[in-house]
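Raw entry_21.cif, mmCIF, C-alpha atoms:
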```
data_upload
#
loop_
_atom_site.label_atom_id
_atom_site.label_comp_id
_atom_site.auth_asym_id
_atom_site.auth_seq_id
_atom_site.Cartn_x
_atom_site.Cartn_y
_atom_site.Cartn_z
CA MET A 319 41.65 44.58 15.17
CA PRO A 320 43.93 42.45 13.01
CA LYS A 321 45.46 39.46 14.72
CA PRO A 322 49.18 39.87 15.60
CA LEU A 323 51.59 38.10 13.31
CA THR A 324 53.25 34.99 14.62
CA LEU A 325 57.07 34.92 14.65
CA ALA A 326 57.02 32.44 11.77
CA ALA A 327 54.75 34.69 9.69
CA LEU A 328 56.91 37.73 10.46
CA LEU A 329 60.09 35.94 9.38
CA ALA A 330 58.35 34.71 6.22
CA SER A 331 57.26 38.23 5.33
CA LEU A 332 60.75 39.60 5.91
CA LEU A 333 62.26 36.99 3.60
CA LEU A 334 60.04 38.29 0.78
CA ILE A 335 61.61 41.80 0.85
CA PRO A 336 63.69 42.35 -2.30
CA THR A 337 67.44 42.83 -1.78
CA THR A 338 67.48 45.90 -4.03
CA ARG A 339 64.89 48.59 -4.65
CA ALA A 340 64.42 52.33 -4.88
CA ALA A 341 65.62 54.25 -1.82
CA ASP A 342 62.14 55.61 -1.13
CA ALA A 343 60.33 52.30 -1.69
CA PRO A 344 57.82 51.47 1.06
CA ALA A 345 57.86 48.43 3.29
CA ASP A 346 56.90 45.33 1.36
CA TRP A 347 54.46 43.09 3.23
CA PRO A 348 52.48 42.64 5.47
CA PRO A 349 50.46 45.87 5.27
CA THR A 350 51.03 48.71 7.73
CA ARG A 351 48.09 50.41 9.40
CA GLN A 352 48.42 54.14 8.86
CA LYS A 353 45.20 55.44 10.38
CA GLU A 354 42.13 54.52 12.40
CA SER A 355 38.98 56.64 12.22
CA THR A 356 35.20 56.51 12.23
CA PHE A 357 33.16 56.50 9.03
CA THR A 358 29.34 56.48 9.12
CA ASP A 359 29.41 55.10 12.67
CA ARG A 360 31.72 52.28 11.62
CA LYS A 361 35.35 51.82 12.50
CA LEU A 362 37.61 52.44 9.50
CA GLU A 363 41.26 51.42 9.15
CA THR A 364 43.63 52.63 6.43
CA PHE A 365 46.52 50.41 5.37
CA THR A 366 49.44 50.89 3.01
CA HIS A 367 51.97 48.44 1.62
CA GLY A 368 54.57 47.97 -1.06
CA VAL A 369 54.95 45.15 -3.54
CA ARG A 370 55.78 41.49 -3.14
CA PRO A 371 58.25 40.17 -5.72
CA ALA A 372 55.85 37.31 -6.51
CA TRP A 373 53.30 39.78 -7.87
CA GLY A 374 55.56 40.62 -10.81
CA TYR A 375 55.46 44.43 -10.79
CA ALA A 376 58.25 46.03 -12.81
CA ALA A 377 58.95 48.70 -10.16
CA PRO A 378 58.19 49.41 -6.51
CA GLN A 379 54.89 51.11 -5.76
CA ARG A 380 52.76 52.03 -2.78
CA ASP A 381 49.16 50.87 -2.48
CA THR A 382 46.35 51.72 -0.07
CA PHE A 383 43.35 49.75 1.04
CA LEU A 384 40.59 50.39 3.55
CA VAL A 385 38.95 48.02 6.02
CA LEU A 386 35.49 49.04 7.22
CA HIS A 387 34.24 47.22 10.31
CA PRO A 388 30.70 45.96 10.84
CA VAL A 389 28.19 48.27 12.48
CA ALA A 390 28.88 48.16 16.21
CA ASP A 391 25.60 46.91 17.64
CA ALA A 392 24.62 43.84 19.61
CA SER A 393 23.28 41.98 16.59
CA ALA A 394 26.14 42.57 14.17
CA PRO A 395 29.02 40.09 13.90
CA ARG A 396 32.36 41.41 15.16
CA PRO A 397 35.77 41.00 13.49
CA GLU A 398 37.38 39.44 16.59
CA ALA A 399 38.36 35.81 16.95
CA GLY A 400 35.61 33.42 18.07
CA GLY A 401 35.34 32.00 21.56
CA ALA A 402 34.22 33.12 25.01
CA ARG A 403 35.32 36.48 26.35
CA ALA A 404 37.56 36.66 29.36
CA GLY A 405 36.05 37.93 32.59
CA GLY A 406 33.58 36.96 35.29
CA GLY A 407 29.91 36.19 35.00
CA ASP A 408 28.21 33.80 32.61
CA ALA A 409 30.30 32.35 29.82
CA ALA A 410 29.75 34.24 26.59
CA LYS A 411 28.62 32.39 23.51
CA PRO A 412 31.15 31.97 20.71
CA LYS A 413 30.98 34.86 18.30
CA THR A 414 29.86 34.42 14.75
CA LYS A 415 32.60 35.15 12.26
CA PRO A 416 31.59 38.05 10.01
CA PRO A 417 31.43 37.73 6.23
CA LEU A 418 33.67 39.82 3.95
CA TYR A 419 32.49 42.22 1.25
CA VAL A 420 35.24 43.13 -1.24
CA VAL A 421 34.81 46.20 -3.48
CA LEU A 422 36.65 47.17 -6.69
CA HIS A 423 36.06 50.78 -7.77
CA SER A 424 35.44 52.17 -11.25
CA ALA A 425 38.00 54.00 -13.40
CA GLY A 426 36.47 57.30 -12.28
CA HIS A 427 37.23 56.67 -8.61
CA ASP A 428 40.02 55.83 -6.24
CA VAL A 429 39.64 53.91 -3.00
CA HIS A 430 38.76 57.02 -0.96
CA SER A 431 36.17 58.46 -3.33
CA CYS A 432 34.72 54.97 -3.73
CA LEU A 433 34.06 54.74 0.00
CA ALA A 434 32.75 58.31 0.05
CA CYS A 435 30.00 57.26 -2.38
CA THR A 436 28.47 55.11 0.33
CA THR A 437 27.27 58.10 2.35
CA LYS A 438 24.38 58.53 -0.08
CA VAL A 439 21.86 55.92 -1.22
CA GLY A 440 21.85 55.75 -5.00
CA ASN A 441 25.49 56.71 -5.41
CA HIS A 442 27.14 53.54 -6.76
CA ASP A 443 24.95 51.27 -4.68
CA ILE A 444 27.17 48.24 -5.31
CA TYR A 445 29.86 49.93 -3.18
CA HIS A 446 27.62 49.97 -0.08
CA ALA A 447 28.74 47.21 2.30
CA PRO A 448 25.96 45.59 4.37
CA PRO A 449 26.11 46.58 8.06
CA GLY A 450 27.02 43.14 9.38
CA PHE A 451 30.02 42.70 7.06
CA VAL A 452 33.69 43.50 7.24
CA ALA A 453 34.33 45.42 4.02
CA LEU A 454 37.58 45.63 2.05
CA TYR A 455 38.00 48.53 -0.38
CA LEU A 456 40.96 48.21 -2.74
CA ASP A 457 42.66 50.79 -4.95
CA CYS A 458 44.13 50.65 -8.46
CA ARG A 459 44.38 54.35 -9.28
CA ALA A 460 47.53 55.34 -7.42
CA ASN A 461 49.94 53.74 -9.87
CA LYS A 462 49.87 54.31 -13.62
CA GLY A 463 48.53 51.39 -15.62
CA ASP A 464 47.62 49.33 -12.55
CA TRP A 465 44.07 48.69 -13.71
CA TRP A 466 41.56 46.09 -12.56
CA TRP A 467 40.69 44.97 -16.04
CA GLY A 468 44.23 43.74 -16.50
CA ALA A 469 43.82 42.92 -20.19
CA GLU A 470 45.81 45.62 -21.94
CA LYS A 471 49.31 44.68 -20.75
CA PHE A 472 48.75 41.19 -19.40
CA LYS A 473 47.01 39.16 -22.02
CA GLY A 474 46.24 35.48 -21.73
CA PRO A 475 45.35 33.22 -18.81
CA ASP A 476 48.23 34.13 -16.49
CA LEU A 477 47.41 36.38 -13.55
CA SER A 478 48.58 39.98 -13.77
CA PRO A 479 50.35 41.79 -10.91
CA VAL A 480 47.11 43.51 -9.90
CA ASP A 481 45.26 40.16 -9.92
CA ARG A 482 47.87 38.75 -7.54
CA ARG A 483 47.88 41.85 -5.35
CA VAL A 484 44.10 41.74 -4.96
CA MET A 485 44.08 38.08 -4.01
CA ASP A 486 46.90 38.38 -1.48
CA THR A 487 45.15 41.37 0.11
CA VAL A 488 41.86 39.47 0.30
CA ARG A 489 43.58 36.45 1.87
CA TRP A 490 45.40 38.68 4.37
CA THR A 491 42.13 40.33 5.37
CA ILE A 492 40.39 36.98 5.82
CA ALA A 493 43.12 35.89 8.24
CA ALA A 494 43.69 39.22 9.98
CA TYR A 495 40.02 39.84 10.75
CA ASP A 496 39.04 36.21 11.30
CA VAL A 497 36.18 36.48 8.82
CA ASP A 498 34.11 33.51 7.72
CA PRO A 499 36.18 32.02 4.87
CA ASP A 500 33.04 30.52 3.33
CA ARG A 501 31.30 33.89 3.07
CA VAL A 502 33.65 36.09 1.03
CA TYR A 503 32.07 38.12 -1.78
CA LEU A 504 33.54 40.25 -4.57
CA CYS A 505 31.81 43.07 -6.40
CA GLY A 506 32.62 46.03 -8.60
CA ASN A 507 31.26 48.74 -10.85
CA SER A 508 32.34 49.46 -14.44
CA MET A 509 36.10 48.81 -14.51
CA GLY A 510 35.65 47.28 -11.07
CA GLY A 511 32.93 45.07 -12.54
CA SER A 512 35.40 43.90 -15.16
CA GLY A 513 37.82 43.14 -12.34
CA ALA A 514 35.15 41.33 -10.34
CA LEU A 515 34.56 39.00 -13.30
CA GLY A 516 38.20 38.61 -14.33
CA ILE A 517 39.63 38.12 -10.85
CA GLY A 518 36.59 36.54 -9.21
CA LEU A 519 35.76 33.70 -11.60
CA ARG A 520 39.35 32.42 -11.39
CA HIS A 521 39.14 32.13 -7.60
CA GLY A 522 36.21 29.97 -6.61
CA ASP A 523 38.45 28.64 -3.84
CA VAL A 524 38.13 32.06 -2.16
CA PHE A 525 34.89 33.74 -3.29
CA ALA A 526 31.44 32.33 -2.63
CA ALA A 527 29.77 34.64 -5.18
CA ILE A 528 30.55 37.72 -7.27
CA LYS A 529 28.42 40.56 -8.59
CA ALA A 530 29.30 42.91 -11.46
CA ASN A 531 27.45 46.21 -12.00
CA VAL A 532 27.74 47.21 -15.71
CA PRO A 533 31.20 45.61 -16.13
CA ALA A 534 33.42 47.58 -18.51
CA ARG A 535 34.08 44.91 -21.10
CA VAL A 536 34.63 41.19 -20.70
CA GLU A 537 38.17 40.88 -22.09
CA HIS A 538 39.69 40.44 -18.64
CA VAL A 539 37.52 37.48 -17.68
CA SER A 540 37.73 35.99 -21.18
CA MET A 541 41.53 35.98 -21.06
CA ARG A 542 41.86 34.69 -17.50
CA MET A 543 39.31 31.90 -18.08
CA SER A 544 40.55 31.04 -21.60
CA PHE A 545 37.18 31.78 -23.17
CA PRO A 546 35.76 30.83 -25.66
CA ALA A 547 37.41 27.42 -25.23
CA PRO A 548 34.56 25.06 -24.27
CA GLU A 549 36.73 23.24 -21.74
CA VAL A 550 39.37 24.31 -19.26
CA PRO A 551 42.71 24.03 -21.09
CA ALA A 552 44.82 21.01 -20.21
CA GLY A 553 47.16 21.67 -17.32
CA THR A 554 45.03 24.51 -15.94
CA ASN A 555 43.62 23.92 -12.48
CA LEU A 556 40.50 26.02 -11.99
CA PRO A 557 38.31 25.42 -8.93
CA ASP A 558 34.52 25.48 -9.27
CA PRO A 559 33.86 29.18 -9.82
CA PRO A 560 31.75 31.42 -7.60
CA ILE A 561 28.15 32.03 -8.58
CA CYS A 562 28.22 35.04 -10.92
CA VAL A 563 25.66 37.86 -11.08
CA ASP A 564 26.01 40.35 -13.95
CA TYR A 565 23.73 43.23 -14.94
CA SER A 566 24.57 45.12 -18.11
CA ALA A 567 22.88 47.28 -20.71
CA PRO A 568 22.86 46.78 -24.49
CA ASN A 569 22.86 50.58 -24.93
CA ASP A 570 26.12 50.76 -22.96
CA SER A 571 29.15 50.50 -25.26
CA TRP A 572 31.15 48.93 -22.41
CA SER A 573 28.83 45.89 -22.53
CA LYS A 574 30.16 44.80 -25.92
CA GLY A 575 31.04 41.11 -26.10
CA HIS A 576 28.50 39.81 -23.61
CA ASP A 577 27.16 37.38 -26.21
CA GLY A 578 30.52 35.58 -26.23
CA PHE A 579 30.79 35.73 -22.45
CA VAL A 580 27.33 34.22 -21.93
CA ALA A 581 27.99 31.52 -24.52
CA ALA A 582 31.25 30.55 -22.80
CA MET A 583 29.62 30.47 -19.35
CA ARG A 584 26.90 28.19 -20.73
CA GLU A 585 29.38 25.96 -22.53
CA ARG A 586 31.50 25.52 -19.42
CA ARG A 587 28.37 25.09 -17.26
CA TYR A 588 29.27 27.95 -14.94
CA ALA A 589 26.57 29.49 -12.75
CA LEU A 590 25.36 32.79 -14.21
CA LEU A 591 22.43 35.00 -13.32
CA MET A 592 22.26 37.84 -15.82
CA TYR A 593 19.95 40.82 -16.18
CA TRP A 594 19.83 43.52 -18.83
CA GLY A 595 17.82 46.49 -19.99
CA ASN A 596 18.15 49.88 -21.57
CA PHE A 597 19.67 51.55 -18.47
CA GLY A 598 23.06 52.52 -19.90
CA HIS A 599 26.21 52.68 -17.77
CA ALA A 600 24.20 53.20 -14.59
CA ASN A 601 25.11 52.62 -10.95
CA ASN A 602 21.94 53.73 -9.11
CA HIS A 603 19.93 50.62 -8.26
CA ALA A 604 16.60 52.42 -7.96
CA GLN A 605 17.03 53.87 -11.45
CA ILE A 606 18.15 50.53 -12.90
CA GLU A 607 15.22 48.74 -11.26
CA LYS A 608 12.81 51.02 -13.13
CA ILE A 609 14.09 49.22 -16.25
CA ASN A 610 14.85 45.76 -14.83
CA ASP A 611 13.60 45.12 -11.31
CA LEU A 612 15.29 41.71 -11.05
CA ILE A 613 18.86 42.90 -10.49
CA ASN A 614 18.68 42.48 -6.71
CA SER A 615 16.14 39.65 -6.60
CA PHE A 616 18.73 36.91 -6.01
CA ASP A 617 20.33 36.90 -2.55
CA TRP A 618 23.91 36.47 -3.69
CA LEU A 619 25.21 37.22 -0.19
CA SER A 620 23.58 34.06 1.14
CA VAL A 621 25.69 31.78 -1.08
CA LYS A 622 28.36 29.85 0.82
CA ARG A 623 31.63 28.61 -0.60
CA ASN A 624 31.32 25.29 1.26
CA GLU A 625 27.93 24.36 -0.19
CA ALA A 626 27.02 22.61 -3.41
CA TYR A 627 25.03 24.55 -5.99
CA PRO A 628 23.18 23.74 -9.22
CA VAL A 629 24.01 25.31 -12.57
CA PHE A 630 21.03 25.84 -14.87
CA THR A 631 21.64 25.84 -18.63
CA ALA A 632 19.42 25.65 -21.70
CA ALA A 633 16.55 26.97 -19.58
CA SER A 634 13.22 27.41 -21.34
CA THR A 635 12.68 30.64 -19.39
CA ASP A 636 15.85 32.38 -20.62
CA ASP A 637 15.23 35.48 -22.72
CA ALA A 638 16.99 36.04 -26.04
CA LEU A 639 20.16 38.09 -25.66
CA PRO A 640 20.21 41.52 -27.33
CA TRP A 641 23.94 41.15 -28.01
CA PRO A 642 25.24 41.56 -30.65
CA ALA A 643 22.46 42.28 -33.15
CA ASP A 644 19.69 43.97 -31.17
CA LEU A 645 21.49 46.63 -29.13
CA LYS A 646 18.70 49.16 -29.66
CA SER A 647 16.20 46.93 -27.92
CA THR A 648 14.43 48.53 -24.96
CA LYS A 649 13.07 45.24 -23.67
CA PRO A 650 14.58 44.05 -20.37
CA GLY A 651 15.60 40.43 -20.05
CA GLN A 652 17.20 37.78 -17.88
CA ILE A 653 19.01 34.47 -17.73
CA ASN A 654 18.33 32.06 -14.84
CA ALA A 655 16.60 34.75 -12.79
CA PHE A 656 13.79 32.55 -11.47
CA PHE A 657 15.61 29.43 -10.22
CA ARG A 658 16.18 28.80 -6.51
CA TRP A 659 17.52 25.86 -4.50
CA ARG A 660 18.39 24.44 -1.10
CA VAL A 661 21.02 21.84 -0.25
CA LEU A 662 19.38 19.00 1.69
CA ALA A 663 22.28 16.53 1.85
CA ASP A 664 25.82 16.25 0.55
CA THR A 665 27.59 13.15 1.81
CA ALA A 666 30.01 10.59 0.47
CA ASP A 667 27.00 8.52 -0.61
CA LYS A 668 24.66 11.05 -2.19
CA ALA A 669 23.75 14.67 -2.82
CA GLU A 670 20.21 16.01 -2.53
CA LEU A 671 19.12 19.47 -3.63
CA SER A 672 15.66 20.96 -3.53
CA LEU A 673 15.00 22.88 -6.77
CA PHE A 674 12.13 25.30 -7.35
CA LEU A 675 11.08 28.53 -9.02
CA THR A 676 10.70 31.84 -7.24
CA THR A 677 7.14 32.85 -6.30
CA PRO A 678 5.14 36.09 -6.27
CA ALA A 679 5.41 36.07 -2.47
CA GLU A 680 9.20 36.18 -2.71
CA MET A 681 9.36 38.63 -5.61
CA LYS A 682 6.61 40.90 -4.19
CA THR A 683 6.31 43.19 -7.21
CA THR A 684 7.96 42.74 -10.58
CA LYS A 685 7.19 43.78 -14.13
CA PHE A 686 8.26 40.34 -15.32
CA THR A 687 5.75 37.54 -15.69
CA LEU A 688 6.87 34.82 -13.31
CA PRO A 689 6.93 31.35 -14.90
CA THR A 690 4.99 28.52 -13.30
CA GLU A 691 7.33 25.91 -14.78
CA ALA A 692 10.62 25.71 -16.60
CA THR A 693 12.85 23.05 -18.11
CA ALA A 694 16.62 23.20 -17.76
CA ASP A 695 19.71 21.05 -17.77
CA VAL A 696 21.08 20.92 -14.21
CA THR A 697 24.77 20.49 -13.40
CA LEU A 698 26.00 20.07 -9.84
CA ARG A 699 29.11 21.95 -8.69
CA ARG A 700 31.01 22.43 -5.43
CA LEU A 701 29.93 19.05 -4.13
CA GLN A 702 31.44 18.72 -0.66
CA GLY A 703 30.86 15.07 0.22
CA LEU A 704 30.01 13.25 -3.00
CA ARG A 705 33.23 12.99 -4.97
CA LEU A 706 32.96 12.25 -8.68
CA THR A 707 35.70 11.53 -11.19
CA PRO A 708 35.49 11.49 -14.99
CA GLY A 709 33.53 8.50 -16.24
CA ASP A 710 31.82 7.68 -12.94
CA ALA A 711 28.33 6.27 -13.41
CA VAL A 712 25.79 8.32 -11.46
CA ARG A 713 22.20 7.43 -10.65
CA TRP A 714 19.71 10.28 -10.34
CA SER A 715 16.07 10.66 -9.36
CA TRP A 716 13.66 13.56 -9.70
CA GLY A 717 10.12 12.86 -8.57
CA GLU A 718 8.93 9.89 -10.61
CA GLN A 719 11.82 10.25 -13.06
CA SER A 720 15.16 8.50 -12.69
CA GLY A 721 18.09 7.48 -14.79
CA GLU A 722 21.86 7.15 -15.06
CA VAL A 723 24.45 9.50 -16.51
CA LYS A 724 28.23 9.55 -16.52
CA ALA A 725 30.43 12.26 -15.06
CA ASP A 726 32.09 14.22 -17.87
CA ALA A 727 35.79 14.92 -18.43
CA ALA A 728 35.72 17.52 -15.64
CA GLY A 729 34.01 15.14 -13.20
CA LEU A 730 30.70 17.00 -13.49
CA VAL A 731 27.31 15.36 -13.67
CA THR A 732 24.50 16.97 -15.68
CA ILE A 733 20.87 15.83 -15.64
CA PRO A 734 19.11 17.01 -18.80
CA LYS A 735 15.73 18.68 -19.20
CA LEU A 736 14.39 18.66 -15.67
CA LYS A 737 10.94 20.17 -15.32
CA ILE A 738 11.03 22.61 -12.40
CA THR A 739 8.03 24.35 -10.83
CA ALA A 740 7.35 26.61 -7.85
CA ALA A 741 6.68 23.49 -5.76
CA PRO A 742 10.04 22.33 -4.35
CA ALA A 743 11.16 18.93 -5.60
CA THR A 744 14.25 16.93 -4.68
CA LEU A 745 17.02 16.01 -7.07
CA THR A 746 19.05 13.09 -5.71
CA VAL A 747 22.31 11.87 -7.24
CA SER A 748 24.51 9.00 -6.07
CA LYS A 749 27.50 7.15 -7.46
CA VAL A 750 26.75 3.69 -8.87
CA ALA A 751 28.74 1.04 -7.02
CA ALA A 752 31.42 -0.65 -9.09
CA ALA A 753 29.73 -4.06 -8.86
CA ALA A 754 26.46 -2.58 -10.09
CA LYS A 755 27.90 -0.97 -13.20
#
```

When written as structure tokens, how does the structure in this file appear?
Amino acid sequence: MPKPLTLAALLASLLLIPTTRAADAPADWPPTRQKESTFTDRKLETFTHGVRPAWGYAAPQRDTFLVLHPVADASAPRPEAGGARAGGGDAAKPKTKPPLYVVLHSAGHDVHSCLACTTKVGNHDIYHAPPGFVALYLDCRANKGDWWWGAEKFKGPDLSPVDRRVMDTVRWTIAAYDVDPDRVYLCGNSMGGSGALGIGLRHGDVFAAIKANVPARVEHVSMRMSFPAPEVPAGTNLPDPPICVDYSAPNDSWSKGHDGFVAAMRERRYALLMYWGNFGHANNHAQIEKINDLINSFDWLSVKRNEAYPVFTAASTDDALPWPADLKSTKPGQINAFFRWRVLADTADKAELSLFLTTPAEMKTTKFTLPTEATADVTLRRLQGLRLTPGDAVRWSWGEQSGEVKADAAGLVTIPKLKITAAPATLTVSKVAAAAK
């Protein structure tokens, strides 16, 4: 159940109601629960709401979203607040806060038909929320022109009304269901994939990772992130983005422009795992995996927003992109599919990450030949303890190798051409003391 609003929150929400609007306009915010039901043995709640003036919609509208609870069994996290339960007997252990799985539907669906897909394996598999998650299903079909991709009417880096609506709804759900704020994930299919990229990459302060199934174009993300500019434009404050997983097909016309998107992600040193193959505008994972069986090989739902991560660029194991000149290619490919890591330490003094390649034991069966070694430039992002500013001298070590580099204009440190194998090795970075510079 959502947590009750405090008096302060209620007064704040009331102050946001416009003084004039259409006579039949719905209540503004917070959302109103319209229905509670059961869906596939999981509790389902239906909410409706109007618009907040801050979103920038030209006219009032009504929107619907669905909250699907975790599977109700002893092992699944519950969406209640943590802490011991009231009552006699032994004190209960604090409950684990559940993660949140956020879904954006395709242009061919609305929020209800999107959820209905999840009753059958193979029907838009990206929509299927894991059993231990709270799941948020949003809608953009009810109101004309209110599309996820947000690029037709709202060009440029500024957020569109639908971008703002999505983010306020996600933040409300995080608070109302007391979910783990460090385990919030965004995904989508087709138009929803475009939205996952365009909305998700801008909000690394909220999302741990995002996953886009055959995103319908990359204009949305390119505009919101000011691609292809190699650096974040001056005056723009963008947090370290979530780790991005994208699987697209060169024989899908909606995939056009991925060459520019990949180039911009590399130039900015953003974390991207990309997979492609001749599977068209598909949404059935089993069918896609017949072409490229790597699409689900990376556990994107294990990424945490409060943990550092490495970005791999210029990797020797990256395949050549089929975009834009080889769209008839039937050869599957990947970018950064084989790299893995663990955070060992992240303090004010140093950061240590174990880097390694995936192994046959982890991959089980794959049509790809797994590399035994790879070279890549490694950039560290989302550092929690080690704080770096532009120009800071940083000492690094990697096995018998060591050296010094300087943090770039964004405060990022990149160690070039590390040789990575399946045997875990530790990358250590630390700031050089002022007296030692």

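For the set A:Arg705, A:Lys361, A:Lys353, A:Lys735, the residue with the smallest atom-to-atom gap to Ala692 (chain A) is A:Lys735, counting all atoms listed in the file.
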
Is there a way to get, as a tab-separated table (two decimals) with C-alpha atoms, keeping the file's coordinate frame, all residues within 9 Å of the point (34.8, 47.6, 0.9) in file coordinates, counting only C-alpha atoms?
```
chain	number	residue	atom	x	y	z
A	383	PHE	CA	43.35	49.75	1.04
A	384	LEU	CA	40.59	50.39	3.55
A	385	VAL	CA	38.95	48.02	6.02
A	386	LEU	CA	35.49	49.04	7.22
A	418	LEU	CA	33.67	39.82	3.95
A	419	TYR	CA	32.49	42.22	1.25
A	420	VAL	CA	35.24	43.13	-1.24
A	421	VAL	CA	34.81	46.20	-3.48
A	422	LEU	CA	36.65	47.17	-6.69
A	429	VAL	CA	39.64	53.91	-3.00
A	432	CYS	CA	34.72	54.97	-3.73
A	433	LEU	CA	34.06	54.74	0.00
A	445	TYR	CA	29.86	49.93	-3.18
A	446	HIS	CA	27.62	49.97	-0.08
A	447	ALA	CA	28.74	47.21	2.30
A	452	VAL	CA	33.69	43.50	7.24
A	453	ALA	CA	34.33	45.42	4.02
A	454	LEU	CA	37.58	45.63	2.05
A	455	TYR	CA	38.00	48.53	-0.38
A	456	LEU	CA	40.96	48.21	-2.74
```

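The gap separating CA of Thr358 (chain A) from CA of Thr436 (chain A) is 8.9 Å, in Å to one decimal.
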
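Here the PyMOL selection byres ((chain A and resi 739-748) around 7) captures the residues Asp667, Lys668, Ala669, Glu670, Leu671, Ser672, Leu673, Phe674, Leu675, Thr676, Thr677, Thr690, Glu691, Ala692, Val712, Arg713, Trp714, Ser715, Trp716, Gly717, Lys737, Ile738, Lys749 and Val750 of chain A.
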
Just write the chosen residues, C-alpha atoms, as an mmCIF file, in the frame of the given file.
```
data_model
loop_
_atom_site.group_PDB
_atom_site.id
_atom_site.type_symbol
_atom_site.label_atom_id
_atom_site.label_comp_id
_atom_site.auth_asym_id
_atom_site.auth_seq_id
_atom_site.Cartn_x
_atom_site.Cartn_y
_atom_site.Cartn_z
ATOM 1 C CA ASP A 667 27.000 8.520 -0.610
ATOM 2 C CA LYS A 668 24.660 11.050 -2.190
ATOM 3 C CA ALA A 669 23.750 14.670 -2.820
ATOM 4 C CA GLU A 670 20.210 16.010 -2.530
ATOM 5 C CA LEU A 671 19.120 19.470 -3.630
ATOM 6 C CA SER A 672 15.660 20.960 -3.530
ATOM 7 C CA LEU A 673 15.000 22.880 -6.770
ATOM 8 C CA PHE A 674 12.130 25.300 -7.350
ATOM 9 C CA LEU A 675 11.080 28.530 -9.020
ATOM 10 C CA THR A 676 10.700 31.840 -7.240
ATOM 11 C CA THR A 677 7.140 32.850 -6.300
ATOM 12 C CA THR A 690 4.990 28.520 -13.300
ATOM 13 C CA GLU A 691 7.330 25.910 -14.780
ATOM 14 C CA ALA A 692 10.620 25.710 -16.600
ATOM 15 C CA VAL A 712 25.790 8.320 -11.460
ATOM 16 C CA ARG A 713 22.200 7.430 -10.650
ATOM 17 C CA TRP A 714 19.710 10.280 -10.340
ATOM 18 C CA SER A 715 16.070 10.660 -9.360
ATOM 19 C CA TRP A 716 13.660 13.560 -9.700
ATOM 20 C CA GLY A 717 10.120 12.860 -8.570
ATOM 21 C CA LYS A 737 10.940 20.170 -15.320
ATOM 22 C CA ILE A 738 11.030 22.610 -12.400
ATOM 23 C CA LYS A 749 27.500 7.150 -7.460
ATOM 24 C CA VAL A 750 26.750 3.690 -8.870
#
```

Open item on the list: I want to know what sits within 10 Å of Cys505 (chain A), based on all atoms listed in the file, with residues of the same chain fewer than 6 positions away left out; could you give that as a list in words?
Closed with: Tyr419, Val420, Val421, Leu422, His423, Ile444, Tyr445, Gly511, Ser512, Gly513, Ala514, Leu515, Gly518, Ala527, Ile528, Lys529, Ala530, Asn531, Cys562, Val563 and Asp564 of chain A

Open item on the list: Give me the residues near Ala582 (chain A) as a list in words, where near means some atom within 9 Å (using all atoms listed in the file) and where sequence neighbours in that chain fewer than 4 positions away do not count.
Closed with: Ser540, Phe545, Pro546, Ala547, Pro548, Asp577, Gly578, Arg586, Arg587 and Tyr588 of chain A

Output C-alpha atoms of each residue in that selection to a file, as a short mmCIF file (atom, residue, chain, number, x, y, z; two decimals), keeping the file's coordinate frame.
```
data_model
loop_
_atom_site.label_atom_id
_atom_site.label_comp_id
_atom_site.auth_asym_id
_atom_site.auth_seq_id
_atom_site.Cartn_x
_atom_site.Cartn_y
_atom_site.Cartn_z
CA SER A 540 37.73 35.99 -21.18
CA PHE A 545 37.18 31.78 -23.17
CA PRO A 546 35.76 30.83 -25.66
CA ALA A 547 37.41 27.42 -25.23
CA PRO A 548 34.56 25.06 -24.27
CA ASP A 577 27.16 37.38 -26.21
CA GLY A 578 30.52 35.58 -26.23
CA ARG A 586 31.50 25.52 -19.42
CA ARG A 587 28.37 25.09 -17.26
CA TYR A 588 29.27 27.95 -14.94
#
```

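From CA of Lys574 (chain A) back to CA of Ser647 (chain A), the distance works out to 14.3 Å.
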
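Considering the residues A:Trp347, A:Trp467, A:Trp594, A:Phe525 and counting all atoms listed in the file, Pro559 (chain A) has its shortest atom-to-atom contact with A:Phe525.
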
Open item on the list: Give me, as a list of chain:residue names, all polymer residues having an atom no more than 8 Å from Asn602 (chain A), counting all atoms listed in the file and skipping those fewer than 3 positions away in the same chain.
Closed with: A:Gly440, A:Asn441, A:His442, A:Asp443, A:Gln605, A:Ile606
